[in-house]
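Enquirer: Sharing a structure, written as C-alpha cells. Questions coming.
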Amino acid sequence: MRTELLKDICQTLEQVGVRPTHQRIEIMKYLKEHRVHPTAEMIYSQLKEAIPTFSKTTVYNTLKLLEEKGVISALATDEDQVRYEANMTPHGHFKCVKCGALFDLNLDGVAPPEKELDGNLVLEWQVMVKGICSCCRT
Ligand SMILES: [Zn+2]
Ligand SMILES: [Zn+2]
C-alpha cells in the first residue's frame, strides 16, 4: 500500500518532468493522505515535525511548482488563504462557515456550464457551496 502510493507519486512527477526528490514526494504524499485541503502553512507545520530540515520556502516553492505542472490544484478561498489538494478528478467543495472545514462535493448529476457564457469562453469552473456542516449542526 505504502509502496504503491510512492510509486504512483514518483510516476506522476516523472510524467510532468519533475524530479521526485524526497521533499516533493513528502508533500505529494501528505496531500494524498490528508484530504482536508490544507494551506501551505499547515503542510509546513505538519511535515516539519517528521523532517526537521524542511523549510517554509521549500514548501511554498514546491507547491508552486506542482501546481504549475498540474499535479495538484490550488483553491483560493474567501479568507485569502490558498488551500491545496492532489485530488485532480472534477469535484466541487463545501465550506463550513462555522468550523472552516472544506469538504469535497460529488458533482455527479450537476451539469457543467456551456463552453461559452455571455460571449466569454469558459476555461474552468469551480463549485463552492457554503453552509453549516453536519458536525456543526448537531
Ligand atoms: Zn463545521
Ligand atoms: Zn477538493
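Order determines the names: the first chain of the C-alpha cells is A, the second B, and so forth; residues in each chain are numbered 1 upward, and ligands are numbered 1 upward as they are shown.
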Find the residues of chain A that sit at most 6 Å from ligand 1; for each, write down the nearest two atoms and how far apart they are in Å, to one decimal. Count only C-alpha atoms and all ligand atoms. Sort by chain, then by number going up, and give it as a tab-separated table.
Expert:
residue	atom	partner	partner_atom_place_in_ligand_line	distance
A:Cys96	CA	ligand 1	1 (Zn)	4.7
A:Lys98	CA	ligand 1	1 (Zn)	5.1
A:Cys99	CA	ligand 1	1 (Zn)	4.1
A:Ala101	CA	ligand 1	1 (Zn)	5.8
A:Ile132	CA	ligand 1	1 (Zn)	5.5
A:Cys133	CA	ligand 1	1 (Zn)	4.3
A:Cys135	CA	ligand 1	1 (Zn)	5.6
A:Cys136	CA	ligand 1	1 (Zn)	4.4
Enquirer: Could those selected residues go to a file with C-alpha atoms, as an mmCIF file, in the first residue's frame?
Expert:
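So out34.cif came out as:
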data_model
loop_
_atom_site.group_PDB
_atom_site.id
_atom_site.type_symbol
_atom_site.label_atom_id
_atom_site.label_comp_id
_atom_site.auth_asym_id
_atom_site.auth_seq_id
_atom_site.Cartn_x
_atom_site.Cartn_y
_atom_site.Cartn_z
ATOM 1 C CA CYS A 96 -18.489 25.212 6.644
ATOM 2 C CA LYS A 98 -18.671 27.680 11.479
ATOM 3 C CA CYS A 99 -15.618 25.422 11.709
ATOM 4 C CA ALA A 101 -13.736 22.787 7.201
ATOM 5 C CA ILE A 132 -23.003 24.579 8.096
ATOM 6 C CA CYS A 133 -21.553 21.085 8.096
ATOM 7 C CA CYS A 135 -20.961 18.096 12.661
ATOM 8 C CA CYS A 136 -21.619 21.754 13.449
#
Enquirer: Show me which residues line ligand 2, defined as having an atom within 7 Å of a ligand atom where only C-alpha atoms and all ligand atoms count, and present them as a list of chain:residue names.
Expert: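 Final answer, ordered by chain and number: A:His37, A:Glu85, A:Asn87, A:His91, A:Gly92, A:His93, A:Phe103, A:Asp104.
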Enquirer: Please run DSSP on the backbone and report, as a ChimeraX atom specification, all residues within stretch 24-116 of chain A that come out as helix (DSSP H, G or I).
Expert: /A:24-33,40-50,56-68
Enquirer: Any idea what's packed within 12 Å of stretch 65-69 of chain A, counting only C-alpha atoms, ignoring anything in its chain fewer than 4 positions away? Could you give it as number ranges by chain?
Expert: A: 9, 12-20, 23-25, 27-28, 31, 58-61, 73-75, 82-88
Enquirer: To test your reading of the structure, identify every residue in chain A that backbone DSSP assigns to strand (DSSP E), and report it as a PyMOL selection string.
Expert: chain A and resi 73-76+82-85+92-96+102-105+116-117+120-121+128-131
Enquirer: I need the residue nearest A:Lys130 from this list: A:Leu6, A:Leu105, A:Leu63, A:Met42. Use only C-alpha atoms for the distance.
Expert: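 Using only C-alpha atoms, A:Lys130 sits closest to A:Leu105.
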Enquirer: Which one is closest to A:Val71: A:Thr39, A:Ser45, A:Thr89, A:Thr53? Count only C-alpha atoms.
Expert: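 Under the stated criterion, the closest residue is A:Thr89.
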Enquirer: Between A:Ala76, A:Ala40, A:Val110, A:Gln46, which residue has the minimum interatomic distance to A:Lys64, considering only C-alpha atoms?
Expert: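 Of all the options, A:Ala40 lies closest to A:Lys64.
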